[in-house]
file query_31.cif (mmCIF, N, CA and C atoms)
data_upload
#
loop_
_atom_site.label_atom_id
_atom_site.label_comp_id
_atom_site.auth_asym_id
_atom_site.auth_seq_id
_atom_site.Cartn_x
_atom_site.Cartn_y
_atom_site.Cartn_z
N MET L 1 36.62 -8.13 -32.55
CA MET L 1 36.60 -9.20 -31.56
C MET L 1 36.70 -10.54 -32.30
N ALA L 2 37.52 -11.41 -31.76
CA ALA L 2 37.70 -12.73 -32.36
C ALA L 2 36.44 -13.58 -32.16
N PRO L 3 36.18 -14.49 -33.09
CA PRO L 3 35.01 -15.35 -32.91
C PRO L 3 35.18 -16.26 -31.69
N MET L 4 34.07 -16.56 -31.04
CA MET L 4 34.13 -17.41 -29.85
C MET L 4 34.41 -18.85 -30.27
N ILE L 5 35.40 -19.44 -29.64
CA ILE L 5 35.73 -20.83 -29.87
C ILE L 5 35.02 -21.71 -28.85
N GLY L 6 34.92 -21.24 -27.65
CA GLY L 6 34.27 -21.99 -26.59
C GLY L 6 33.72 -21.05 -25.55
N ARG L 7 33.06 -21.58 -24.55
CA ARG L 7 32.53 -20.76 -23.46
C ARG L 7 32.91 -21.40 -22.14
N LEU L 8 33.05 -20.58 -21.14
CA LEU L 8 33.37 -21.09 -19.81
C LEU L 8 32.21 -21.94 -19.32
N HIS L 9 32.51 -23.15 -18.90
CA HIS L 9 31.46 -24.02 -18.36
C HIS L 9 31.43 -23.91 -16.84
N HIS L 10 32.52 -24.27 -16.17
CA HIS L 10 32.60 -24.16 -14.72
C HIS L 10 34.02 -23.80 -14.32
N LEU L 11 34.16 -23.17 -13.18
CA LEU L 11 35.45 -23.07 -12.51
C LEU L 11 35.50 -24.31 -11.61
N VAL L 12 36.43 -25.22 -11.87
CA VAL L 12 36.51 -26.49 -11.14
C VAL L 12 37.58 -26.38 -10.06
N ILE L 13 37.20 -26.67 -8.83
CA ILE L 13 38.08 -26.55 -7.67
C ILE L 13 38.35 -27.94 -7.11
N ASP L 14 39.63 -28.34 -7.09
CA ASP L 14 40.01 -29.60 -6.47
C ASP L 14 39.91 -29.46 -4.96
N CYS L 15 39.37 -30.49 -4.29
CA CYS L 15 39.23 -30.44 -2.84
C CYS L 15 39.03 -31.85 -2.29
N PRO L 16 39.24 -32.05 -1.00
CA PRO L 16 39.06 -33.38 -0.41
C PRO L 16 37.60 -33.71 -0.08
N ASP L 17 36.70 -32.72 -0.07
CA ASP L 17 35.30 -32.94 0.31
C ASP L 17 34.37 -32.12 -0.58
N PRO L 18 34.12 -32.58 -1.82
CA PRO L 18 33.26 -31.82 -2.72
C PRO L 18 31.87 -31.50 -2.17
N PRO L 19 31.16 -32.46 -1.55
CA PRO L 19 29.82 -32.10 -1.04
C PRO L 19 29.87 -31.02 0.05
N GLY L 20 30.85 -31.09 0.93
CA GLY L 20 30.95 -30.10 2.01
C GLY L 20 31.28 -28.71 1.49
N LEU L 21 32.24 -28.62 0.58
CA LEU L 21 32.61 -27.31 0.05
C LEU L 21 31.50 -26.75 -0.84
N ALA L 22 30.84 -27.62 -1.60
CA ALA L 22 29.72 -27.17 -2.43
C ALA L 22 28.58 -26.66 -1.55
N ALA L 23 28.29 -27.33 -0.45
CA ALA L 23 27.23 -26.87 0.45
C ALA L 23 27.56 -25.49 1.02
N PHE L 24 28.84 -25.27 1.35
CA PHE L 24 29.25 -23.97 1.85
C PHE L 24 28.97 -22.89 0.81
N TYR L 25 29.46 -23.08 -0.41
CA TYR L 25 29.29 -22.06 -1.43
C TYR L 25 27.84 -21.92 -1.90
N ALA L 26 27.08 -23.00 -1.88
CA ALA L 26 25.65 -22.89 -2.21
C ALA L 26 24.96 -21.96 -1.21
N GLY L 27 25.26 -22.14 0.07
CA GLY L 27 24.69 -21.28 1.09
C GLY L 27 25.18 -19.85 1.00
N LEU L 28 26.47 -19.68 0.78
CA LEU L 28 27.06 -18.34 0.69
C LEU L 28 26.49 -17.56 -0.48
N LEU L 29 26.39 -18.21 -1.63
CA LEU L 29 25.96 -17.52 -2.85
C LEU L 29 24.46 -17.59 -3.11
N GLY L 30 23.74 -18.36 -2.28
CA GLY L 30 22.30 -18.47 -2.48
C GLY L 30 21.95 -19.17 -3.78
N GLN L 31 22.78 -20.13 -4.18
CA GLN L 31 22.53 -20.89 -5.40
C GLN L 31 22.42 -22.36 -5.07
N PRO L 32 21.64 -23.11 -5.85
CA PRO L 32 21.46 -24.53 -5.54
C PRO L 32 22.61 -25.40 -6.03
N ILE L 33 22.68 -26.59 -5.47
CA ILE L 33 23.55 -27.63 -6.02
C ILE L 33 22.76 -28.23 -7.18
N THR L 34 23.33 -28.15 -8.38
CA THR L 34 22.60 -28.57 -9.57
C THR L 34 23.08 -29.90 -10.14
N TYR L 35 24.18 -30.42 -9.62
CA TYR L 35 24.68 -31.73 -10.06
C TYR L 35 25.48 -32.32 -8.92
N ARG L 36 25.34 -33.63 -8.73
CA ARG L 36 26.08 -34.30 -7.67
C ARG L 36 26.39 -35.73 -8.10
N SER L 37 27.66 -36.12 -7.95
CA SER L 37 28.06 -37.51 -8.12
C SER L 37 28.99 -37.84 -6.96
N ASP L 38 29.58 -39.02 -6.97
CA ASP L 38 30.45 -39.42 -5.87
C ASP L 38 31.68 -38.52 -5.73
N ASP L 39 32.14 -37.95 -6.84
CA ASP L 39 33.39 -37.19 -6.78
C ASP L 39 33.32 -35.81 -7.44
N PHE L 40 32.11 -35.31 -7.71
CA PHE L 40 31.97 -34.05 -8.43
C PHE L 40 30.63 -33.41 -8.08
N VAL L 41 30.65 -32.14 -7.68
CA VAL L 41 29.43 -31.43 -7.29
C VAL L 41 29.47 -30.04 -7.92
N VAL L 42 28.31 -29.60 -8.43
CA VAL L 42 28.23 -28.30 -9.10
C VAL L 42 27.24 -27.40 -8.38
N VAL L 43 27.62 -26.14 -8.21
CA VAL L 43 26.75 -25.08 -7.69
C VAL L 43 26.59 -24.06 -8.81
N SER L 44 25.35 -23.81 -9.21
CA SER L 44 25.09 -22.81 -10.25
C SER L 44 23.63 -22.37 -10.15
N ALA L 45 23.31 -21.30 -10.85
CA ALA L 45 21.95 -20.76 -10.78
C ALA L 45 20.92 -21.79 -11.24
N ASP L 46 21.26 -22.58 -12.25
CA ASP L 46 20.39 -23.67 -12.72
C ASP L 46 21.26 -24.67 -13.47
N ASP L 47 20.66 -25.74 -13.97
CA ASP L 47 21.48 -26.79 -14.57
C ASP L 47 21.94 -26.49 -16.00
N THR L 48 21.68 -25.29 -16.49
CA THR L 48 22.19 -24.90 -17.80
C THR L 48 23.15 -23.71 -17.71
N THR L 49 23.47 -23.27 -16.50
CA THR L 49 24.29 -22.09 -16.28
C THR L 49 25.67 -22.49 -15.76
N SER L 50 26.69 -21.76 -16.18
CA SER L 50 28.04 -21.98 -15.65
C SER L 50 28.06 -21.68 -14.16
N GLY L 51 28.95 -22.34 -13.45
CA GLY L 51 29.03 -22.12 -12.01
C GLY L 51 30.34 -22.61 -11.44
N LEU L 52 30.29 -22.98 -10.18
CA LEU L 52 31.45 -23.53 -9.47
C LEU L 52 31.28 -25.04 -9.38
N ALA L 53 32.35 -25.76 -9.67
CA ALA L 53 32.33 -27.21 -9.54
C ALA L 53 33.42 -27.62 -8.55
N PHE L 54 33.14 -28.65 -7.79
CA PHE L 54 34.07 -29.13 -6.77
C PHE L 54 34.37 -30.59 -7.07
N GLN L 55 35.67 -30.87 -7.29
CA GLN L 55 36.10 -32.18 -7.75
C GLN L 55 36.96 -32.85 -6.68
N LEU L 56 36.69 -34.12 -6.42
CA LEU L 56 37.43 -34.87 -5.41
C LEU L 56 38.90 -34.97 -5.78
N ALA L 57 39.75 -34.58 -4.84
CA ALA L 57 41.21 -34.71 -4.96
C ALA L 57 41.68 -35.22 -3.60
N PRO L 58 41.68 -36.54 -3.41
CA PRO L 58 41.97 -37.12 -2.09
C PRO L 58 43.30 -36.71 -1.49
N ASP L 59 44.31 -36.46 -2.32
CA ASP L 59 45.63 -36.09 -1.80
C ASP L 59 45.87 -34.59 -1.85
N HIS L 60 44.81 -33.82 -1.98
CA HIS L 60 44.93 -32.37 -2.10
C HIS L 60 45.61 -31.79 -0.86
N GLN L 61 46.57 -30.92 -1.08
CA GLN L 61 47.24 -30.20 0.00
C GLN L 61 46.76 -28.75 -0.06
N PRO L 62 45.93 -28.33 0.87
CA PRO L 62 45.42 -26.96 0.81
C PRO L 62 46.55 -25.94 1.03
N PRO L 63 46.36 -24.74 0.52
CA PRO L 63 47.37 -23.72 0.74
C PRO L 63 47.49 -23.39 2.22
N ALA L 64 48.66 -22.98 2.62
CA ALA L 64 48.91 -22.55 4.00
C ALA L 64 49.35 -21.09 3.96
N TRP L 65 48.60 -20.30 3.25
CA TRP L 65 48.93 -18.89 3.04
C TRP L 65 49.09 -18.18 4.37
N PRO L 66 50.10 -17.38 4.56
CA PRO L 66 51.03 -16.84 3.57
C PRO L 66 52.32 -17.63 3.41
N ASP L 67 52.38 -18.87 3.89
CA ASP L 67 53.57 -19.70 3.75
C ASP L 67 53.88 -19.94 2.27
N PRO L 68 55.03 -19.50 1.77
CA PRO L 68 55.33 -19.66 0.35
C PRO L 68 55.54 -21.12 -0.06
N ALA L 69 55.73 -22.02 0.90
CA ALA L 69 55.89 -23.43 0.56
C ALA L 69 54.58 -24.02 0.03
N ARG L 70 53.44 -23.47 0.49
CA ARG L 70 52.13 -23.89 -0.01
C ARG L 70 51.28 -22.63 -0.23
N PRO L 71 51.59 -21.88 -1.30
CA PRO L 71 50.91 -20.60 -1.54
C PRO L 71 49.47 -20.78 -1.99
N GLN L 72 48.74 -19.68 -2.01
CA GLN L 72 47.38 -19.70 -2.52
C GLN L 72 47.39 -20.25 -3.94
N GLN L 73 46.43 -21.10 -4.24
CA GLN L 73 46.32 -21.64 -5.59
C GLN L 73 45.29 -20.84 -6.38
N MET L 74 44.29 -20.38 -5.71
CA MET L 74 43.26 -19.51 -6.26
C MET L 74 42.38 -19.10 -5.10
N HIS L 75 41.60 -18.08 -5.31
CA HIS L 75 40.61 -17.71 -4.30
C HIS L 75 39.47 -16.99 -5.00
N LEU L 76 38.34 -16.94 -4.35
CA LEU L 76 37.18 -16.25 -4.89
C LEU L 76 36.95 -14.99 -4.07
N ASP L 77 36.81 -13.88 -4.73
CA ASP L 77 36.43 -12.64 -4.06
C ASP L 77 34.91 -12.56 -4.12
N VAL L 78 34.28 -12.49 -2.97
CA VAL L 78 32.82 -12.38 -2.89
C VAL L 78 32.51 -11.04 -2.25
N MET L 79 31.74 -10.23 -2.95
CA MET L 79 31.38 -8.90 -2.45
C MET L 79 30.16 -9.02 -1.54
N VAL L 80 30.21 -8.35 -0.39
CA VAL L 80 29.08 -8.27 0.52
C VAL L 80 28.91 -6.82 0.94
N GLU L 81 27.72 -6.48 1.34
CA GLU L 81 27.46 -5.11 1.79
C GLU L 81 28.00 -4.86 3.19
N ASP L 82 27.92 -5.87 4.07
CA ASP L 82 28.29 -5.71 5.48
C ASP L 82 29.13 -6.90 5.91
N VAL L 83 30.46 -6.74 5.92
CA VAL L 83 31.36 -7.84 6.27
C VAL L 83 31.09 -8.35 7.67
N ALA L 84 30.87 -7.46 8.63
CA ALA L 84 30.63 -7.87 10.02
C ALA L 84 29.41 -8.78 10.12
N ALA L 85 28.40 -8.55 9.34
CA ALA L 85 27.20 -9.40 9.36
C ALA L 85 27.39 -10.65 8.52
N ALA L 86 28.15 -10.54 7.43
CA ALA L 86 28.29 -11.67 6.50
C ALA L 86 29.14 -12.80 7.06
N VAL L 87 30.23 -12.49 7.77
CA VAL L 87 31.12 -13.54 8.26
C VAL L 87 30.39 -14.52 9.18
N PRO L 88 29.71 -14.08 10.24
CA PRO L 88 29.02 -15.07 11.07
C PRO L 88 27.87 -15.77 10.34
N ALA L 89 27.30 -15.12 9.35
CA ALA L 89 26.21 -15.76 8.60
C ALA L 89 26.72 -16.94 7.78
N CYS L 90 28.02 -16.97 7.47
CA CYS L 90 28.60 -18.07 6.68
C CYS L 90 28.89 -19.32 7.50
N TRP L 91 29.05 -19.20 8.79
CA TRP L 91 29.49 -20.34 9.60
C TRP L 91 28.55 -21.53 9.58
N PRO L 92 27.24 -21.41 9.39
CA PRO L 92 26.43 -22.63 9.33
C PRO L 92 26.84 -23.60 8.22
N TRP L 93 27.49 -23.10 7.18
CA TRP L 93 27.89 -23.97 6.08
C TRP L 93 29.33 -24.41 6.19
N ALA L 94 30.08 -23.89 7.12
CA ALA L 94 31.49 -24.25 7.28
C ALA L 94 31.59 -25.62 7.93
N ARG L 95 32.63 -26.34 7.62
CA ARG L 95 32.85 -27.66 8.22
C ARG L 95 33.26 -27.47 9.68
N PRO L 96 32.72 -28.27 10.61
CA PRO L 96 33.05 -28.11 12.03
C PRO L 96 34.54 -28.24 12.35
N SER L 97 35.26 -29.06 11.59
CA SER L 97 36.67 -29.26 11.88
C SER L 97 37.54 -28.18 11.23
N SER L 98 36.92 -27.30 10.51
CA SER L 98 37.65 -26.28 9.76
C SER L 98 37.83 -25.02 10.60
N THR L 99 38.87 -24.30 10.28
CA THR L 99 38.99 -22.96 10.85
C THR L 99 38.14 -22.01 10.04
N GLY L 100 37.53 -22.54 8.99
CA GLY L 100 36.59 -21.77 8.19
C GLY L 100 37.17 -21.30 6.88
N PRO L 101 36.39 -21.47 5.81
CA PRO L 101 36.86 -21.00 4.52
C PRO L 101 36.66 -19.50 4.36
N VAL L 102 36.22 -18.83 5.40
CA VAL L 102 35.93 -17.41 5.32
C VAL L 102 37.11 -16.62 5.86
N SER L 103 37.55 -15.63 5.14
CA SER L 103 38.56 -14.73 5.67
C SER L 103 38.06 -13.31 5.49
N THR L 104 38.40 -12.49 6.42
CA THR L 104 38.00 -11.09 6.31
C THR L 104 39.11 -10.34 5.59
N PRO L 105 38.75 -9.33 4.85
CA PRO L 105 39.77 -8.63 4.09
C PRO L 105 40.76 -7.88 4.99
N THR L 106 42.00 -7.83 4.52
CA THR L 106 43.01 -7.07 5.25
C THR L 106 43.09 -5.65 4.73
N ARG L 107 42.41 -5.40 3.65
CA ARG L 107 42.34 -4.05 3.09
C ARG L 107 40.91 -3.82 2.62
N PRO L 108 40.47 -2.59 2.56
CA PRO L 108 39.11 -2.32 2.11
C PRO L 108 38.89 -2.81 0.68
N ALA L 109 37.72 -3.36 0.43
CA ALA L 109 37.37 -3.79 -0.92
C ALA L 109 37.25 -2.57 -1.82
N THR L 110 37.60 -2.75 -3.05
CA THR L 110 37.45 -1.66 -4.00
C THR L 110 36.39 -2.05 -5.02
N ARG L 111 35.72 -1.08 -5.53
CA ARG L 111 34.70 -1.33 -6.55
C ARG L 111 35.14 -0.67 -7.82
N SER L 112 34.96 -1.36 -8.94
CA SER L 112 35.25 -0.74 -10.23
C SER L 112 34.02 0.02 -10.71
N ALA L 113 34.28 1.04 -11.44
CA ALA L 113 33.20 1.86 -11.97
C ALA L 113 32.52 1.19 -13.13
#
call {"tool": "encode", "arguments": {"input": "query_31.cif", "output": "C-alpha cells"}}
result
Amino acid sequence: MAPMIGRLHHLVIDCPDPPGLAAFYAGLLGQPITYRSDDFVVVSADDTTSGLAFQLAPDHQPPAWPDPARPQQMHLDVMVEDVAAAVPACWPWARPSSTGPVSTPTRPATRSA
C-alpha cells in the first residue's frame, strides 16, 4: 500500500442554500451542523471528523435528471431499513418550495458482503 499523502476532509457540495441543505442532511443522517459561515456549512459527527460540506454557489444550476442537458452531478446513496417509513420522515427538513431532495429507488438496493 502506498503511503498516505492526504486524507479526505469533506465532500463539498455546491448549492444555492447551504444552511437549508445542511439542515436537511443533518436531520436525515442524525448528525449535527459543526461549522457555519455565511457561505459554507458542515455536517459531521463532530468538529474533528470528515463530513458533508455545503458551499454557496449562487448561479448553481441543479441537475434535471434524467435530462442529459443537465445530468446528475453527484448523488448520495443513503441506506435505510424501511424506505416507506424513511421518505415521509425526511420531509420536515425539506425546503417548502422544493419537490424534495428525496427520491425513492427505482430498483432494489443491493448490499455488499
call {"tool": "resolve_selection", "arguments": {"input": "query_31.cif", "expression": "the PyMOL selection byres ((chain L and resi 49-55) around 6)", "output": "number ranges by chain"}}
result
L: 8-15, 18, 39-48, 56-57
call {"tool": "atom_distance", "arguments": {"input": "query_31.cif", "atom1": "atom CA of Gln73 of chain L", "atom2": "atom N of His60 of chain L"}}
result
12.8 Å
call {"tool": "atom_distance", "arguments": {"input": "query_31.cif", "atom1": "atom CA of Ala23 of chain L", "atom2": "atom CA of Ala85 of chain L"}}
result
19.6 Å
call {"tool": "atom_distance", "arguments": {"input": "query_31.cif", "atom1": "atom CA of Leu76 of chain L", "atom2": "atom CA of Tyr25 of chain L"}}
result
10.4 Å
call {"tool": "select_by_dssp", "arguments": {"input": "query_31.cif", "residues": "chain L", "states": "alpha helix (DSSP H)", "output": "MDAnalysis selection string"}}
result
chainID L and resid 18:29 83:90
call {"tool": "select_by_dssp", "arguments": {"input": "query_31.cif", "residues": "chain L", "states": "strand (DSSP E or B)", "output": "ChimeraX atom specification"}}
result
/L:10-15,33-36,40-43,51-56
call {"tool": "closest_residue", "arguments": {"input": "query_31.cif", "among": "L:Pro58, L:Pro3, L:Arg36, L:Leu28", "to": "Trp93 of chain L", "atoms": "only N, CA and C atoms"}}
result
L:Leu28
call {"tool": "decode", "arguments": {"input": "query_31.cif", "residues": "segment 63-95 of chain L", "atoms": "N, CA, C and O atoms", "output": "PDB file, in the first residue's frame"}}
result
ATOM      1  N   PRO L  63     -29.178  19.659 -11.326  1.00  0.00           N
ATOM      2  CA  PRO L  63     -29.448  18.699 -12.393  1.00  0.00           C
ATOM      3  C   PRO L  63     -30.948  18.562 -12.627  1.00  0.00           C
ATOM      4  O   PRO L  63     -31.749  18.794 -11.714  1.00  0.00           O
ATOM      5  N   ALA L  64     -31.305  18.231 -13.832  1.00  0.00           N
ATOM      6  CA  ALA L  64     -32.707  17.983 -14.189  1.00  0.00           C
ATOM      7  C   ALA L  64     -32.811  16.549 -14.688  1.00  0.00           C
ATOM      8  O   ALA L  64     -33.323  16.280 -15.763  1.00  0.00           O
ATOM      9  N   TRP L  65     -32.259  15.655 -13.921  1.00  0.00           N
ATOM     10  CA  TRP L  65     -32.197  14.237 -14.285  1.00  0.00           C
ATOM     11  C   TRP L  65     -33.587  13.704 -14.559  1.00  0.00           C
ATOM     12  O   TRP L  65     -34.512  14.070 -13.843  1.00  0.00           O
ATOM     13  N   PRO L  66     -33.798  12.962 -15.610  1.00  0.00           N
ATOM     14  CA  PRO L  66     -32.816  12.329 -16.488  1.00  0.00           C
ATOM     15  C   PRO L  66     -32.470  13.132 -17.734  1.00  0.00           C
ATOM     16  O   PRO L  66     -31.899  12.587 -18.669  1.00  0.00           O
ATOM     17  N   ASP L  67     -32.789  14.425 -17.780  1.00  0.00           N
ATOM     18  CA  ASP L  67     -32.470  15.266 -18.934  1.00  0.00           C
ATOM     19  C   ASP L  67     -30.952  15.330 -19.124  1.00  0.00           C
ATOM     20  O   ASP L  67     -30.242  15.817 -18.241  1.00  0.00           O
ATOM     21  N   PRO L  68     -30.430  14.863 -20.259  1.00  0.00           N
ATOM     22  CA  PRO L  68     -28.977  14.860 -20.457  1.00  0.00           C
ATOM     23  C   PRO L  68     -28.377  16.265 -20.576  1.00  0.00           C
ATOM     24  O   PRO L  68     -27.175  16.418 -20.449  1.00  0.00           O
ATOM     25  N   ALA L  69     -29.205  17.282 -20.805  1.00  0.00           N
ATOM     26  CA  ALA L  69     -28.687  18.644 -20.883  1.00  0.00           C
ATOM     27  C   ALA L  69     -28.186  19.124 -19.517  1.00  0.00           C
ATOM     28  O   ALA L  69     -27.296  19.968 -19.435  1.00  0.00           O
ATOM     29  N   ARG L  70     -28.790  18.599 -18.437  1.00  0.00           N
ATOM     30  CA  ARG L  70     -28.342  18.915 -17.076  1.00  0.00           C
ATOM     31  C   ARG L  70     -28.337  17.617 -16.266  1.00  0.00           C
ATOM     32  O   ARG L  70     -29.195  17.389 -15.419  1.00  0.00           O
ATOM     33  N   PRO L  71     -27.346  16.749 -16.524  1.00  0.00           N
ATOM     34  CA  PRO L  71     -27.316  15.431 -15.882  1.00  0.00           C
ATOM     35  C   PRO L  71     -26.952  15.509 -14.406  1.00  0.00           C
ATOM     36  O   PRO L  71     -26.514  16.559 -13.918  1.00  0.00           O
ATOM     37  N   GLN L  72     -27.122  14.391 -13.725  1.00  0.00           N
ATOM     38  CA  GLN L  72     -26.704  14.316 -12.327  1.00  0.00           C
ATOM     39  C   GLN L  72     -25.233  14.683 -12.228  1.00  0.00           C
ATOM     40  O   GLN L  72     -24.424  14.273 -13.047  1.00  0.00           O
ATOM     41  N   GLN L  73     -24.904  15.466 -11.209  1.00  0.00           N
ATOM     42  CA  GLN L  73     -23.508  15.828 -10.990  1.00  0.00           C
ATOM     43  C   GLN L  73     -22.902  14.904  -9.941  1.00  0.00           C
ATOM     44  O   GLN L  73     -21.726  14.589  -9.985  1.00  0.00           O
ATOM     45  N   MET L  74     -23.687  14.507  -9.006  1.00  0.00           N
ATOM     46  CA  MET L  74     -23.330  13.542  -7.974  1.00  0.00           C
ATOM     47  C   MET L  74     -24.592  13.249  -7.193  1.00  0.00           C
ATOM     48  O   MET L  74     -25.566  13.977  -7.308  1.00  0.00           O
ATOM     49  N   HIS L  75     -24.563  12.193  -6.436  1.00  0.00           N
ATOM     50  CA  HIS L  75     -25.675  11.921  -5.538  1.00  0.00           C
ATOM     51  C   HIS L  75     -25.153  11.089  -4.380  1.00  0.00           C
ATOM     52  O   HIS L  75     -24.076  10.510  -4.463  1.00  0.00           O
ATOM     53  N   LEU L  76     -25.884  11.082  -3.303  1.00  0.00           N
ATOM     54  CA  LEU L  76     -25.518  10.296  -2.128  1.00  0.00           C
ATOM     55  C   LEU L  76     -26.495   9.146  -2.000  1.00  0.00           C
ATOM     56  O   LEU L  76     -27.708   9.356  -2.023  1.00  0.00           O
ATOM     57  N   ASP L  77     -25.984   7.958  -1.867  1.00  0.00           N
ATOM     58  CA  ASP L  77     -26.825   6.803  -1.573  1.00  0.00           C
ATOM     59  C   ASP L  77     -26.886   6.672  -0.059  1.00  0.00           C
ATOM     60  O   ASP L  77     -25.848   6.557   0.593  1.00  0.00           O
ATOM     61  N   VAL L  78     -28.075   6.723   0.486  1.00  0.00           N
ATOM     62  CA  VAL L  78     -28.279   6.583   1.929  1.00  0.00           C
ATOM     63  C   VAL L  78     -29.093   5.321   2.146  1.00  0.00           C
ATOM     64  O   VAL L  78     -30.177   5.165   1.593  1.00  0.00           O
ATOM     65  N   MET L  79     -28.553   4.409   2.932  1.00  0.00           N
ATOM     66  CA  MET L  79     -29.236   3.143   3.206  1.00  0.00           C
ATOM     67  C   MET L  79     -30.214   3.333   4.364  1.00  0.00           C
ATOM     68  O   MET L  79     -29.866   3.957   5.372  1.00  0.00           O
ATOM     69  N   VAL L  80     -31.424   2.816   4.209  1.00  0.00           N
ATOM     70  CA  VAL L  80     -32.422   2.817   5.278  1.00  0.00           C
ATOM     71  C   VAL L  80     -33.023   1.422   5.356  1.00  0.00           C
ATOM     72  O   VAL L  80     -33.004   0.669   4.381  1.00  0.00           O
ATOM     73  N   GLU L  81     -33.548   1.093   6.507  1.00  0.00           N
ATOM     74  CA  GLU L  81     -34.173  -0.213   6.677  1.00  0.00           C
ATOM     75  C   GLU L  81     -35.554  -0.274   6.036  1.00  0.00           C
ATOM     76  O   GLU L  81     -35.960  -1.282   5.502  1.00  0.00           O
ATOM     77  N   ASP L  82     -36.311   0.833   6.096  1.00  0.00           N
ATOM     78  CA  ASP L  82     -37.699   0.860   5.627  1.00  0.00           C
ATOM     79  C   ASP L  82     -37.922   2.123   4.799  1.00  0.00           C
ATOM     80  O   ASP L  82     -38.143   3.201   5.341  1.00  0.00           O
ATOM     81  N   VAL L  83     -37.856   2.001   3.473  1.00  0.00           N
ATOM     82  CA  VAL L  83     -37.996   3.157   2.588  1.00  0.00           C
ATOM     83  C   VAL L  83     -39.348   3.832   2.781  1.00  0.00           C
ATOM     84  O   VAL L  83     -39.439   5.056   2.843  1.00  0.00           O
ATOM     85  N   ALA L  84     -40.415   3.056   2.908  1.00  0.00           N
ATOM     86  CA  ALA L  84     -41.760   3.627   3.064  1.00  0.00           C
ATOM     87  C   ALA L  84     -41.844   4.513   4.304  1.00  0.00           C
ATOM     88  O   ALA L  84     -42.528   5.533   4.301  1.00  0.00           O
ATOM     89  N   ALA L  85     -41.174   4.154   5.363  1.00  0.00           N
ATOM     90  CA  ALA L  85     -41.176   4.964   6.587  1.00  0.00           C
ATOM     91  C   ALA L  85     -40.171   6.111   6.500  1.00  0.00           C
ATOM     92  O   ALA L  85     -40.402   7.193   7.044  1.00  0.00           O
ATOM     93  N   ALA L  86     -39.051   5.892   5.819  1.00  0.00           N
ATOM     94  CA  ALA L  86     -37.988   6.894   5.779  1.00  0.00           C
ATOM     95  C   ALA L  86     -38.348   8.113   4.934  1.00  0.00           C
ATOM     96  O   ALA L  86     -38.028   9.237   5.315  1.00  0.00           O
ATOM     97  N   VAL L  87     -39.002   7.921   3.797  1.00  0.00           N
ATOM     98  CA  VAL L  87     -39.299   9.052   2.912  1.00  0.00           C
ATOM     99  C   VAL L  87     -40.144  10.120   3.610  1.00  0.00           C
ATOM    100  O   VAL L  87     -39.748  11.281   3.661  1.00  0.00           O
ATOM    101  N   PRO L  88     -41.293   9.792   4.206  1.00  0.00           N
ATOM    102  CA  PRO L  88     -42.050  10.858   4.867  1.00  0.00           C
ATOM    103  C   PRO L  88     -41.327  11.425   6.099  1.00  0.00           C
ATOM    104  O   PRO L  88     -41.527  12.590   6.447  1.00  0.00           O
ATOM    105  N   ALA L  89     -40.470  10.642   6.708  1.00  0.00           N
ATOM    106  CA  ALA L  89     -39.725  11.151   7.868  1.00  0.00           C
ATOM    107  C   ALA L  89     -38.729  12.234   7.462  1.00  0.00           C
ATOM    108  O   ALA L  89     -38.329  13.053   8.282  1.00  0.00           O
ATOM    109  N   CYS L  90     -38.328  12.270   6.190  1.00  0.00           N
ATOM    110  CA  CYS L  90     -37.376  13.275   5.708  1.00  0.00           C
ATOM    111  C   CYS L  90     -38.011  14.623   5.407  1.00  0.00           C
ATOM    112  O   CYS L  90     -37.334  15.640   5.380  1.00  0.00           O
ATOM    113  N   TRP L  91     -39.288  14.668   5.153  1.00  0.00           N
ATOM    114  CA  TRP L  91     -39.921  15.912   4.704  1.00  0.00           C
ATOM    115  C   TRP L  91     -39.830  17.069   5.684  1.00  0.00           C
ATOM    116  O   TRP L  91     -39.791  18.218   5.241  1.00  0.00           O
ATOM    117  N   PRO L  92     -39.747  16.886   6.998  1.00  0.00           N
ATOM    118  CA  PRO L  92     -39.598  18.068   7.863  1.00  0.00           C
ATOM    119  C   PRO L  92     -38.351  18.897   7.559  1.00  0.00           C
ATOM    120  O   PRO L  92     -38.322  20.089   7.846  1.00  0.00           O
ATOM    121  N   TRP L  93     -37.341  18.296   6.966  1.00  0.00           N
ATOM    122  CA  TRP L  93     -36.118  19.038   6.674  1.00  0.00           C
ATOM    123  C   TRP L  93     -36.066  19.526   5.244  1.00  0.00           C
ATOM    124  O   TRP L  93     -35.144  20.259   4.881  1.00  0.00           O
ATOM    125  N   ALA L  94     -36.999  19.145   4.420  1.00  0.00           N
ATOM    126  CA  ALA L  94     -37.005  19.570   3.020  1.00  0.00           C
ATOM    127  C   ALA L  94     -37.485  21.005   2.923  1.00  0.00           C
ATOM    128  O   ALA L  94     -38.290  21.468   3.729  1.00  0.00           O
ATOM    129  N   ARG L  95     -37.011  21.718   1.938  1.00  0.00           N
ATOM    130  CA  ARG L  95     -37.432  23.103   1.720  1.00  0.00           C
ATOM    131  C   ARG L  95     -38.872  23.105   1.209  1.00  0.00           C
ATOM    132  O   ARG L  95     -39.215  22.328   0.324  1.00  0.00           O
TER     133      ARG L  95
END
